[in-house]
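Engineer: This is start19.pdb (PDB, C-alpha atoms).
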ATOM      1  CA  MET W   1     162.647  80.394 118.749
ATOM      2  CA  PRO W   2     164.259  83.320 120.555
ATOM      3  CA  VAL W   3     167.354  82.691 122.649
ATOM      4  CA  ILE W   4     167.829  84.601 125.869
ATOM      5  CA  GLY W   5     171.177  86.338 126.059
ATOM      6  CA  ALA W   6     173.067  88.135 128.745
ATOM      7  CA  GLY W   7     170.596  91.003 128.616
ATOM      8  CA  ALA W   8     167.786  88.978 130.147
ATOM      9  CA  ALA W   9     165.889  90.536 133.010
ATOM     10  CA  PRO W  10     167.198  89.821 136.528
ATOM     11  CA  ARG W  11     165.740  86.750 138.102
ATOM     12  CA  GLU W  12     162.678  87.179 140.255
ATOM     13  CA  PRO W  13     162.116  84.630 143.025
ATOM     14  CA  THR W  14     160.238  81.482 142.126
ATOM     15  CA  LEU W  15     157.552  80.437 144.557
ATOM     16  CA  VAL W  16     158.596  77.347 146.477
ATOM     17  CA  ASP W  17     156.277  74.485 147.215
ATOM     18  CA  LEU W  18     153.724  75.444 149.790
ATOM     19  CA  PRO W  19     154.027  73.129 152.808
ATOM     20  CA  GLY W  20     150.520  73.982 153.955
ATOM     21  CA  GLN W  21     148.806  73.333 150.629
ATOM     22  CA  ALA W  22     145.769  71.155 151.260
ATOM     23  CA  THR W  23     144.850  68.159 149.189
ATOM     24  CA  ALA W  24     141.782  68.403 147.008
ATOM     25  CA  GLN W  25     139.838  66.064 149.268
ATOM     26  CA  ALA W  26     140.654  68.017 152.420
ATOM     27  CA  ALA W  27     139.963  71.388 150.800
ATOM     28  CA  ALA W  28     136.619  70.430 149.222
ATOM     29  CA  ARG W  29     133.581  72.099 150.709
ATOM     30  CA  GLN W  30     130.173  70.598 151.158
ATOM     31  CA  ASP W  31     128.448  73.269 149.089
ATOM     32  CA  GLY W  32     129.377  75.878 146.496
ATOM     33  CA  ASP W  33     132.473  75.728 144.364
ATOM     34  CA  GLY W  34     135.266  73.396 145.350
ATOM     35  CA  PRO W  35     138.970  74.276 145.422
ATOM     36  CA  LEU W  36     140.542  75.470 142.188
ATOM     37  CA  TYR W  37     143.657  73.796 140.736
ATOM     38  CA  VAL W  38     145.665  74.500 137.600
ATOM     39  CA  VAL W  39     148.068  72.213 135.753
ATOM     40  CA  GLY W  40     151.007  73.441 133.688
ATOM     41  CA  ASP W  41     152.283  71.986 130.429
ATOM     42  CA  VAL W  42     152.358  68.174 130.421
ATOM     43  CA  HIS W  43     153.975  67.387 127.044
ATOM     44  CA  GLY W  44     153.331  63.673 127.092
ATOM     45  CA  TYR W  45     154.745  62.971 130.562
ATOM     46  CA  LEU W  46     151.842  60.825 131.687
ATOM     47  CA  ASP W  47     153.533  59.183 134.682
ATOM     48  CA  GLU W  48     154.626  62.560 136.047
ATOM     49  CA  LEU W  49     151.078  63.884 135.600
ATOM     50  CA  ARG W  50     149.564  60.933 137.421
ATOM     51  CA  ALA W  51     151.992  61.364 140.301
ATOM     52  CA  ALA W  52     151.370  65.106 140.548
ATOM     53  CA  LEU W  53     147.573  64.724 140.527
ATOM     54  CA  ALA W  54     147.717  61.952 143.103
ATOM     55  CA  ALA W  55     149.983  64.026 145.344
ATOM     56  CA  VAL W  56     147.296  66.690 145.774
ATOM     57  CA  GLY W  57     144.466  64.184 146.158
ATOM     58  CA  ILE W  58     142.778  64.625 142.781
ATOM     59  CA  ILE W  59     143.110  61.028 141.576
ATOM     60  CA  ASP W  60     143.568  57.651 143.248
ATOM     61  CA  ALA W  61     146.030  54.890 142.427
ATOM     62  CA  GLU W  62     143.789  53.726 139.567
ATOM     63  CA  ASP W  63     143.676  57.237 138.044
ATOM     64  CA  HIS W  64     140.056  57.905 139.027
ATOM     65  CA  TRP W  65     138.766  61.270 140.200
ATOM     66  CA  ILE W  66     138.465  61.434 144.008
ATOM     67  CA  ALA W  67     138.387  65.215 144.448
ATOM     68  CA  GLY W  68     134.615  65.672 144.737
ATOM     69  CA  ASN W  69     133.587  69.187 143.757
ATOM     70  CA  ALA W  70     137.128  70.394 143.060
ATOM     71  CA  ARG W  71     137.772  72.360 139.880
ATOM     72  CA  LEU W  72     140.749  71.509 137.687
ATOM     73  CA  TRP W  73     142.067  73.473 134.711
ATOM     74  CA  PHE W  74     144.755  72.246 132.348
ATOM     75  CA  LEU W  75     146.580  75.107 130.617
ATOM     76  CA  GLY W  76     147.286  73.191 127.405
ATOM     77  CA  ASP W  77     150.171  71.411 125.662
ATOM     78  CA  PHE W  78     149.343  67.778 126.386
ATOM     79  CA  THR W  79     151.557  66.222 123.732
ATOM     80  CA  ASP W  80     154.972  66.306 122.030
ATOM     81  CA  ARG W  81     158.463  65.850 123.485
ATOM     82  CA  GLY W  82     157.289  63.328 126.108
ATOM     83  CA  PRO W  83     156.494  59.639 125.550
ATOM     84  CA  ASP W  84     152.688  59.403 125.848
ATOM     85  CA  GLY W  85     150.759  62.453 124.689
ATOM     86  CA  VAL W  86     147.708  60.468 123.626
ATOM     87  CA  GLY W  87     147.654  58.820 127.051
ATOM     88  CA  VAL W  88     147.585  62.289 128.608
ATOM     89  CA  ILE W  89     144.674  63.338 126.379
ATOM     90  CA  GLU W  90     142.748  60.203 127.270
ATOM     91  CA  LEU W  91     143.311  60.740 130.999
ATOM     92  CA  VAL W  92     142.098  64.344 130.799
ATOM     93  CA  MET W  93     139.012  63.254 128.847
ATOM     94  CA  GLN W  94     138.301  60.549 131.427
ATOM     95  CA  LEU W  95     138.722  62.929 134.371
ATOM     96  CA  SER W  96     136.430  65.468 132.710
ATOM     97  CA  ALA W  97     133.599  62.939 132.752
ATOM     98  CA  GLU W  98     134.335  61.668 136.257
ATOM     99  CA  ALA W  99     134.682  65.145 137.761
ATOM    100  CA  ALA W 100     131.365  66.268 136.274
ATOM    101  CA  ALA W 101     129.643  63.220 137.748
ATOM    102  CA  ALA W 102     131.103  64.067 141.177
ATOM    103  CA  GLY W 103     129.962  67.697 141.119
ATOM    104  CA  GLY W 104     133.298  69.233 140.147
ATOM    105  CA  TYR W 105     134.919  69.799 136.802
ATOM    106  CA  CYS W 106     138.062  69.125 134.823
ATOM    107  CA  LYS W 107     138.555  71.451 131.864
ATOM    108  CA  ALA W 108     141.357  72.245 129.457
ATOM    109  CA  LEU W 109     142.647  75.101 127.343
ATOM    110  CA  MET W 110     144.049  75.117 123.827
ATOM    111  CA  GLY W 111     147.827  75.192 123.637
ATOM    112  CA  ASN W 112     150.049  75.760 120.639
ATOM    113  CA  HIS W 113     150.967  72.059 120.610
ATOM    114  CA  GLU W 114     147.291  71.103 120.306
ATOM    115  CA  LEU W 115     147.121  73.348 117.234
ATOM    116  CA  LEU W 116     150.326  71.782 115.922
ATOM    117  CA  LEU W 117     149.061  68.233 116.374
ATOM    118  CA  ILE W 118     145.670  69.061 114.836
ATOM    119  CA  GLY W 119     147.476  70.550 111.857
ATOM    120  CA  ALA W 120     149.835  67.611 111.472
ATOM    121  CA  LYS W 121     146.919  65.171 111.554
ATOM    122  CA  ARG W 122     144.679  67.118 109.201
ATOM    123  CA  PHE W 123     147.162  68.577 106.731
ATOM    124  CA  GLY W 124     150.388  66.545 106.970
ATOM    125  CA  ASP W 125     152.895  67.743 104.365
ATOM    126  CA  THR W 126     150.532  70.264 102.741
ATOM    127  CA  PRO W 127     152.589  73.440 102.166
ATOM    128  CA  VAL W 128     151.601  76.450 104.264
ATOM    129  CA  ASN W 129     152.623  80.092 104.078
ATOM    130  CA  SER W 130     154.903  80.369 107.080
ATOM    131  CA  GLY W 131     156.018  83.941 106.463
ATOM    132  CA  ALA W 132     159.576  82.671 106.098
ATOM    133  CA  GLY W 133     159.182  80.396 103.123
ATOM    134  CA  THR W 134     157.360  77.133 102.566
ATOM    135  CA  ALA W 135     156.668  74.963 105.581
ATOM    136  CA  SER W 136     154.320  72.175 106.619
ATOM    137  CA  PHE W 137     152.631  71.091 109.808
ATOM    138  CA  GLN W 138     154.248  67.664 109.581
ATOM    139  CA  ALA W 139     157.748  69.129 109.462
ATOM    140  CA  ALA W 140     157.032  71.633 112.238
ATOM    141  CA  TRP W 141     155.462  68.946 114.417
ATOM    142  CA  LEU W 142     158.488  66.657 114.120
ATOM    143  CA  LEU W 143     160.852  69.583 114.707
ATOM    144  CA  ASN W 144     158.969  70.479 117.900
ATOM    145  CA  GLY W 145     159.029  67.075 119.524
ATOM    146  CA  GLY W 146     156.251  65.246 117.698
ATOM    147  CA  GLN W 147     156.132  61.571 118.657
ATOM    148  CA  ARG W 148     155.286  59.107 115.892
ATOM    149  CA  THR W 149     153.704  56.768 118.444
ATOM    150  CA  ASP W 150     151.242  59.532 119.312
ATOM    151  CA  MET W 151     150.284  60.014 115.677
ATOM    152  CA  GLU W 152     149.774  56.278 115.271
ATOM    153  CA  ARG W 153     147.347  56.239 118.211
ATOM    154  CA  LEU W 154     145.608  59.549 117.525
ATOM    155  CA  ARG W 155     141.951  59.070 116.535
ATOM    156  CA  ASP W 156     139.294  61.390 115.173
ATOM    157  CA  HIS W 157     137.611  61.760 118.566
ATOM    158  CA  HIS W 158     140.889  62.988 120.061
ATOM    159  CA  VAL W 159     141.219  65.610 117.315
ATOM    160  CA  GLN W 160     137.592  66.685 117.677
ATOM    161  CA  TRP W 161     138.034  67.084 121.433
ATOM    162  CA  MET W 162     141.162  69.209 120.997
ATOM    163  CA  ALA W 163     139.551  71.366 118.324
ATOM    164  CA  ARG W 164     136.733  72.314 120.698
ATOM    165  CA  LEU W 165     138.973  73.449 123.558
ATOM    166  CA  ASP W 166     138.603  77.016 124.776
ATOM    167  CA  ALA W 167     141.494  79.413 124.331
ATOM    168  CA  MET W 168     140.985  81.234 127.642
ATOM    169  CA  ALA W 169     138.855  81.223 130.790
ATOM    170  CA  LEU W 170     138.236  83.185 133.974
ATOM    171  CA  ALA W 171     138.164  81.403 137.331
ATOM    172  CA  ASP W 172     138.104  83.059 140.760
ATOM    173  CA  GLY W 173     139.674  86.242 139.447
ATOM    174  CA  HIS W 174     142.385  84.409 137.518
ATOM    175  CA  LEU W 175     142.583  84.869 133.754
ATOM    176  CA  LEU W 176     143.718  81.487 132.483
ATOM    177  CA  VAL W 177     145.539  81.253 129.155
ATOM    178  CA  HIS W 178     148.126  78.991 127.615
ATOM    179  CA  SER W 179     150.524  81.478 126.049
ATOM    180  CA  ASP W 180     152.266  84.429 127.636
ATOM    181  CA  ALA W 181     151.350  86.407 124.548
ATOM    182  CA  THR W 182     148.955  89.095 123.340
ATOM    183  CA  CYS W 183     147.500  87.042 120.481
ATOM    184  CA  TYR W 184     144.177  86.663 122.292
ATOM    185  CA  LEU W 185     143.442  90.358 121.725
ATOM    186  CA  GLU W 186     143.410  89.710 117.958
ATOM    187  CA  TYR W 187     140.401  87.383 118.201
ATOM    188  CA  GLY W 188     137.892  89.376 120.221
ATOM    189  CA  ASP W 189     137.275  91.725 123.115
ATOM    190  CA  THR W 190     135.603  89.200 125.424
ATOM    191  CA  ILE W 191     136.550  85.698 126.514
ATOM    192  CA  GLU W 192     133.509  84.285 124.764
ATOM    193  CA  ALA W 193     134.322  86.085 121.514
ATOM    194  CA  VAL W 194     137.928  84.829 121.538
ATOM    195  CA  ASN W 195     136.889  81.247 122.229
ATOM    196  CA  ASP W 196     134.232  81.347 119.510
ATOM    197  CA  ALA W 197     136.668  82.839 116.980
ATOM    198  CA  VAL W 198     139.277  80.152 117.600
ATOM    199  CA  THR W 199     136.680  77.372 117.360
ATOM    200  CA  VAL W 200     135.279  78.780 114.113
ATOM    201  CA  ALA W 201     138.777  79.127 112.642
ATOM    202  CA  LEU W 202     139.513  75.461 113.327
ATOM    203  CA  GLN W 203     136.156  74.420 111.891
ATOM    204  CA  GLU W 204     137.256  75.894 108.560
ATOM    205  CA  SER W 205     139.813  73.080 108.359
ATOM    206  CA  ASP W 206     142.082  75.331 106.292
ATOM    207  CA  ALA W 207     145.826  74.734 106.547
ATOM    208  CA  ASP W 208     146.831  78.402 106.322
ATOM    209  CA  VAL W 209     144.199  79.520 108.826
ATOM    210  CA  THR W 210     145.284  76.853 111.309
ATOM    211  CA  TRP W 211     148.941  77.733 110.751
ATOM    212  CA  ASP W 212     148.213  81.385 111.526
ATOM    213  CA  LEU W 213     146.610  80.334 114.808
ATOM    214  CA  PHE W 214     149.570  78.111 115.655
ATOM    215  CA  ARG W 215     152.087  80.841 114.799
ATOM    216  CA  LYS W 216     150.368  83.400 117.023
ATOM    217  CA  PHE W 217     149.923  81.013 119.966
ATOM    218  CA  THR W 218     153.626  80.131 119.783
ATOM    219  CA  LYS W 219     154.756  83.671 120.643
ATOM    220  CA  ARG W 220     155.999  84.198 124.196
ATOM    221  CA  PHE W 221     157.549  86.497 126.827
ATOM    222  CA  ALA W 222     154.993  89.308 126.406
ATOM    223  CA  PHE W 223     154.870  89.930 130.171
ATOM    224  CA  ARG W 224     158.576  89.627 130.987
ATOM    225  CA  ASP W 225     159.991  92.963 129.863
ATOM    226  CA  GLU W 226     160.704  95.291 132.769
ATOM    227  CA  THR W 227     159.378  98.364 130.950
ATOM    228  CA  THR W 228     156.392  96.981 129.038
ATOM    229  CA  GLY W 229     155.464  93.662 130.666
ATOM    230  CA  VAL W 230     153.237  95.012 133.435
ATOM    231  CA  ASP W 231     151.323  97.254 131.026
ATOM    232  CA  THR W 232     150.805  94.297 128.688
ATOM    233  CA  VAL W 233     149.372  92.179 131.503
ATOM    234  CA  ARG W 234     147.098  95.057 132.519
ATOM    235  CA  GLU W 235     145.898  95.382 128.922
ATOM    236  CA  LEU W 236     144.766  91.756 128.842
ATOM    237  CA  LEU W 237     143.209  91.927 132.298
ATOM    238  CA  GLY W 238     141.416  95.125 131.311
ATOM    239  CA  ALA W 239     140.030  93.488 128.182
ATOM    240  CA  PHE W 240     139.050  90.103 129.568
ATOM    241  CA  GLY W 241     138.747  90.544 133.334
ATOM    242  CA  GLY W 242     140.561  89.046 136.274
ATOM    243  CA  GLU W 243     143.154  90.197 138.763
ATOM    244  CA  ARG W 244     146.025  87.957 137.621
ATOM    245  CA  ILE W 245     147.027  86.079 134.490
ATOM    246  CA  VAL W 246     147.970  82.429 134.892
ATOM    247  CA  HIS W 247     149.776  80.919 131.909
ATOM    248  CA  GLY W 248     151.839  77.971 130.751
ATOM    249  CA  HIS W 249     153.852  77.755 127.524
ATOM    250  CA  SER W 250     157.196  79.308 128.549
ATOM    251  CA  PRO W 251     159.115  76.987 130.902
ATOM    252  CA  ILE W 252     160.109  78.845 134.044
ATOM    253  CA  PRO W 253     163.889  78.299 133.563
ATOM    254  CA  TYR W 254     163.542  79.618 129.992
ATOM    255  CA  LEU W 255     161.398  82.548 131.136
ATOM    256  CA  LEU W 256     164.042  83.451 133.713
ATOM    257  CA  GLY W 257     166.841  83.318 131.162
ATOM    258  CA  GLU W 258     168.587  80.414 132.862
ATOM    259  CA  VAL W 259     168.519  78.168 129.785
ATOM    260  CA  GLY W 260     168.794  79.087 126.133
ATOM    261  CA  SER W 261     165.838  77.189 124.686
ATOM    262  CA  GLU W 262     162.882  74.957 125.489
ATOM    263  CA  ASP W 263     164.971  71.931 124.553
ATOM    264  CA  ASP W 264     167.754  72.690 127.048
ATOM    265  CA  ASP W 265     167.739  70.111 129.855
ATOM    266  CA  SER W 266     170.341  71.859 132.019
ATOM    267  CA  GLY W 267     167.929  74.136 133.867
ATOM    268  CA  PRO W 268     167.848  74.545 137.656
ATOM    269  CA  ASP W 269     165.323  72.883 139.908
ATOM    270  CA  VAL W 270     161.813  74.311 139.721
ATOM    271  CA  THR W 271     159.915  74.077 142.991
ATOM    272  CA  GLY W 272     156.708  75.923 142.183
ATOM    273  CA  PRO W 273     155.007  78.586 140.071
ATOM    274  CA  HIS W 274     156.832  81.796 139.224
ATOM    275  CA  ILE W 275     155.166  85.112 140.088
ATOM    276  CA  TYR W 276     156.331  88.139 138.105
ATOM    277  CA  ALA W 277     155.192  91.351 136.363
ATOM    278  CA  ASP W 278     154.573  93.100 139.684
ATOM    279  CA  GLY W 279     152.661  90.081 140.930
ATOM    280  CA  LEU W 280     150.153  90.177 138.068
ATOM    281  CA  ALA W 281     151.385  87.066 136.215
ATOM    282  CA  ILE W 282     151.889  83.476 137.327
ATOM    283  CA  ALA W 283     153.933  81.110 135.141
ATOM    284  CA  MET W 284     152.934  77.453 135.471
ATOM    285  CA  ASP W 285     155.174  75.594 133.013
ATOM    286  CA  GLY W 286     157.653  73.966 135.365
ATOM    287  CA  GLY W 287     159.813  72.675 132.521
ATOM    288  CA  VAL W 288     159.047  68.974 132.761
ATOM    289  CA  THR W 289     160.637  68.565 129.315
ATOM    290  CA  MET W 290     163.941  69.945 130.633
ATOM    291  CA  ALA W 291     164.178  67.847 133.799
ATOM    292  CA  GLY W 292     162.054  70.356 135.685
ATOM    293  CA  LYS W 293     158.747  69.737 137.423
ATOM    294  CA  LEU W 294     155.190  69.181 136.273
ATOM    295  CA  LEU W 295     153.226  71.695 138.327
ATOM    296  CA  VAL W 296     149.760  71.167 139.814
ATOM    297  CA  THR W 297     148.922  74.142 141.991
ATOM    298  CA  GLN W 298     145.942  75.321 144.011
ATOM    299  CA  LEU W 299     144.728  78.880 143.447
ATOM    300  CA  PRO W 300     144.833  81.400 144.904
ATOM    301  CA  LEU W 301     148.465  81.030 145.852
ATOM    302  CA  ALA W 302     149.188  81.280 149.571
ATOM    303  CA  GLU W 303     151.875  83.960 149.512
TER     304      GLU W 303
END
So, in terms of structure tokens, how does the structure I just supplied come out?
Structural biologist:
Amino acid sequence: MPVIGAGAAPREPTLVDLPGQATAQAAARQDGDGPLYVVGDVHGYLDELRAALAAVGIIDAEDHWIAGNARLWFLGDFTDRGPDGVGVIELVMQLSAEAAAAGGYCKALMGNHELLLIGAKRFGDTPVNSGAGTASFQAAWLLNGGQRTDMERLRDHHVQWMARLDAMALADGHLLVHSDATCYLEYGDTIEAVNDAVTVALQESDADVTWDLFRKFTKRFAFRDETTGVDTVRELLGAFGGERIVHGHSPIPYLLGEVGSEDDDSGPDVTGPHIYADGLAIAMDGGVTMAGKLLVTQLPLAE
């Protein structure tokens, strides 16, 4: 994993919490699409997720959907590092059913940690060609925060649900992806083509094919460079549509160069999403794994 040195780009301001942000119940309309919310990386922090969803009026005290026709997108990375990744998956699956019954929706994108967990479950210690010698999904999963209690509770229906997740989506002019990377361009020139290609690749149930997906989705910082970042964002928006990219994956303190790795817990307080790349990119990973904040945010942002 790359380490940010002294040459990191100057910090851009992070958006603070919006005092006027409405709850999902208050913002819901009687007809048409309801308000749109996105959730950053969760990484097994189920209690923090429940609190964040309740704070914006999406769930009640018993974790049931109360947001009517609201629309909710998770940007991926449900497991690893935190204590209850399977609990997070089960909550998202439950809310997907309840939201659909209420006239809204709850959907989720594929993150690199979903690919890692799928690989660890399916292939275990099977050697894969990592490009840097022999590796295995099991070893990589444990190295990247895999929780043995999650593996013990993981069932086939969890794996099947993860393997069918889309890689990207477009909602209200926002291109939603997990990774701040260009890997999506390698799988197609439309959102539908990319999603189909990723699904088909996982259906092959081949360790090397899955590893290649995981490796590409793990790349980061494609939009951060002062000289090339904006053009890279524009390339993805030109290919797939949308006016802004919204992504998770790179924790905001790490993206800003304020900590040296994803596992550093000394980062500053995160109060909201980070807008950068000339306003064309929104980072949503608040760094919950490094004592940051699990972000649930309504789009469009009220700037």
Engineer: Can you list what the PyMOL selection byres ((chain W and resi 108) around 6) grabs from this structure, as a PyMOL selection string?
Structural biologist: chain W and resi 73-74+107+109
Engineer: Let me make sure I understand: among W:Val198, W:His158, W:Ile59, W:Ser136, which one has the smallest atom-to-atom distance to Tyr184 in chain W if we use all atoms listed in the file?
Structural biologist: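 Checking each candidate against Tyr184 in chain W, we get W:Val198 as the closest.
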Engineer: Take the PyMOL selection byres ((chain W and resi 159-164) around 8), run it mentally on this structure, and tell me the resulting residues as a list in words.
Structural biologist: Met110, Glu114, Leu115, Ile118, Leu154, Arg155, Asp156, His157, His158, Leu165, Asp166, Thr199, Leu202 and Gln203 of chain W
Engineer: For the PyMOL selection byres ((chain W and resi 65) around 12), applied here, can you spell out every residue it catches as a ChimeraX atom specification?
Structural biologist: /W:24-25,50,53-54,56-64,66-72,91-106
Engineer: Find the residues near range 40-47 of chain W: any atom within 8 Å, counting all atoms listed in the file, skip ones fewer than 6 places away on the same chain, and give them as a ChimeraX atom specification.
Structural biologist: /W:74-88,247-249,284-289,294-296
Engineer: Since the input is missing atoms for range 118-127 of chain W, could you rebuild it with all heavy atoms and give the result as an mmCIF file, in the frame of the given file?
Structural biologist:
data_model
loop_
_atom_site.group_PDB
_atom_site.id
_atom_site.type_symbol
_atom_site.label_atom_id
_atom_site.label_comp_id
_atom_site.auth_asym_id
_atom_site.auth_seq_id
_atom_site.Cartn_x
_atom_site.Cartn_y
_atom_site.Cartn_z
ATOM 1 N N ILE W 118 146.851 69.020 115.713
ATOM 2 C CA ILE W 118 145.670 69.061 114.836
ATOM 3 C C ILE W 118 146.111 69.293 113.391
ATOM 4 O O ILE W 118 145.649 68.619 112.463
ATOM 5 C CB ILE W 118 144.696 70.162 115.287
ATOM 6 C CG1 ILE W 118 144.038 69.791 116.618
ATOM 7 C CG2 ILE W 118 143.620 70.413 114.222
ATOM 8 C CD1 ILE W 118 143.272 70.934 117.257
ATOM 9 N N GLY W 119 147.010 70.252 113.208
ATOM 10 C CA GLY W 119 147.476 70.550 111.857
ATOM 11 C C GLY W 119 148.227 69.393 111.226
ATOM 12 O O GLY W 119 148.044 69.084 110.045
ATOM 13 N N ALA W 120 149.084 68.740 112.012
ATOM 14 C CA ALA W 120 149.835 67.611 111.472
ATOM 15 C C ALA W 120 148.910 66.474 111.074
ATOM 16 O O ALA W 120 149.124 65.807 110.052
ATOM 17 C CB ALA W 120 150.861 67.137 112.501
ATOM 18 N N LYS W 121 147.868 66.239 111.861
ATOM 19 C CA LYS W 121 146.919 65.171 111.554
ATOM 20 C C LYS W 121 146.070 65.512 110.335
ATOM 21 O O LYS W 121 145.855 64.660 109.467
ATOM 22 C CB LYS W 121 146.020 64.934 112.777
ATOM 23 C CG LYS W 121 144.975 63.830 112.594
ATOM 24 C CD LYS W 121 145.604 62.463 112.491
ATOM 25 C CE LYS W 121 144.536 61.370 112.537
ATOM 26 N NZ LYS W 121 145.132 60.018 112.406
ATOM 27 N N ARG W 122 145.597 66.739 110.279
ATOM 28 C CA ARG W 122 144.679 67.118 109.201
ATOM 29 C C ARG W 122 145.388 67.404 107.884
ATOM 30 O O ARG W 122 144.871 67.098 106.806
ATOM 31 C CB ARG W 122 143.875 68.356 109.608
ATOM 32 C CG ARG W 122 142.809 68.104 110.662
ATOM 33 C CD ARG W 122 142.090 69.411 111.005
ATOM 34 N NE ARG W 122 140.935 69.180 111.889
ATOM 35 C CZ ARG W 122 140.193 70.150 112.406
ATOM 36 N NH1 ARG W 122 140.474 71.428 112.131
ATOM 37 N NH2 ARG W 122 139.171 69.862 113.193
ATOM 38 N N PHE W 123 146.557 68.032 107.943
ATOM 39 C CA PHE W 123 147.162 68.577 106.731
ATOM 40 C C PHE W 123 148.492 67.948 106.357
ATOM 41 O O PHE W 123 148.949 68.115 105.224
ATOM 42 C CB PHE W 123 147.345 70.101 106.891
ATOM 43 C CG PHE W 123 146.098 70.806 107.353
ATOM 44 C CD1 PHE W 123 146.076 71.474 108.573
ATOM 45 C CD2 PHE W 123 144.944 70.776 106.589
ATOM 46 C CE1 PHE W 123 144.935 72.118 109.007
ATOM 47 C CE2 PHE W 123 143.789 71.421 107.017
ATOM 48 C CZ PHE W 123 143.781 72.089 108.227
ATOM 49 N N GLY W 124 149.158 67.253 107.290
ATOM 50 C CA GLY W 124 150.388 66.545 106.970
ATOM 51 C C GLY W 124 151.417 67.430 106.300
ATOM 52 O O GLY W 124 151.824 68.458 106.838
ATOM 53 N N ASP W 125 151.845 67.027 105.099
ATOM 54 C CA ASP W 125 152.895 67.743 104.365
ATOM 55 C C ASP W 125 152.360 68.842 103.463
ATOM 56 O O ASP W 125 153.119 69.396 102.647
ATOM 57 C CB ASP W 125 153.707 66.753 103.528
ATOM 58 C CG ASP W 125 154.574 65.847 104.395
ATOM 59 O OD1 ASP W 125 155.140 66.351 105.385
ATOM 60 O OD2 ASP W 125 154.678 64.646 104.085
ATOM 61 N N THR W 126 151.086 69.179 103.554
ATOM 62 C CA THR W 126 150.532 70.264 102.741
ATOM 63 C C THR W 126 151.311 71.552 102.993
ATOM 64 O O THR W 126 151.467 71.966 104.148
ATOM 65 C CB THR W 126 149.052 70.503 103.089
ATOM 66 O OG1 THR W 126 148.317 69.297 102.861
ATOM 67 C CG2 THR W 126 148.463 71.637 102.261
ATOM 68 N N PRO W 127 151.820 72.206 101.952
ATOM 69 C CA PRO W 127 152.589 73.440 102.166
ATOM 70 C C PRO W 127 151.708 74.535 102.769
ATOM 71 O O PRO W 127 150.530 74.680 102.431
ATOM 72 C CB PRO W 127 153.045 73.821 100.753
ATOM 73 C CG PRO W 127 152.944 72.564 99.957
ATOM 74 C CD PRO W 127 151.796 71.800 100.529
#
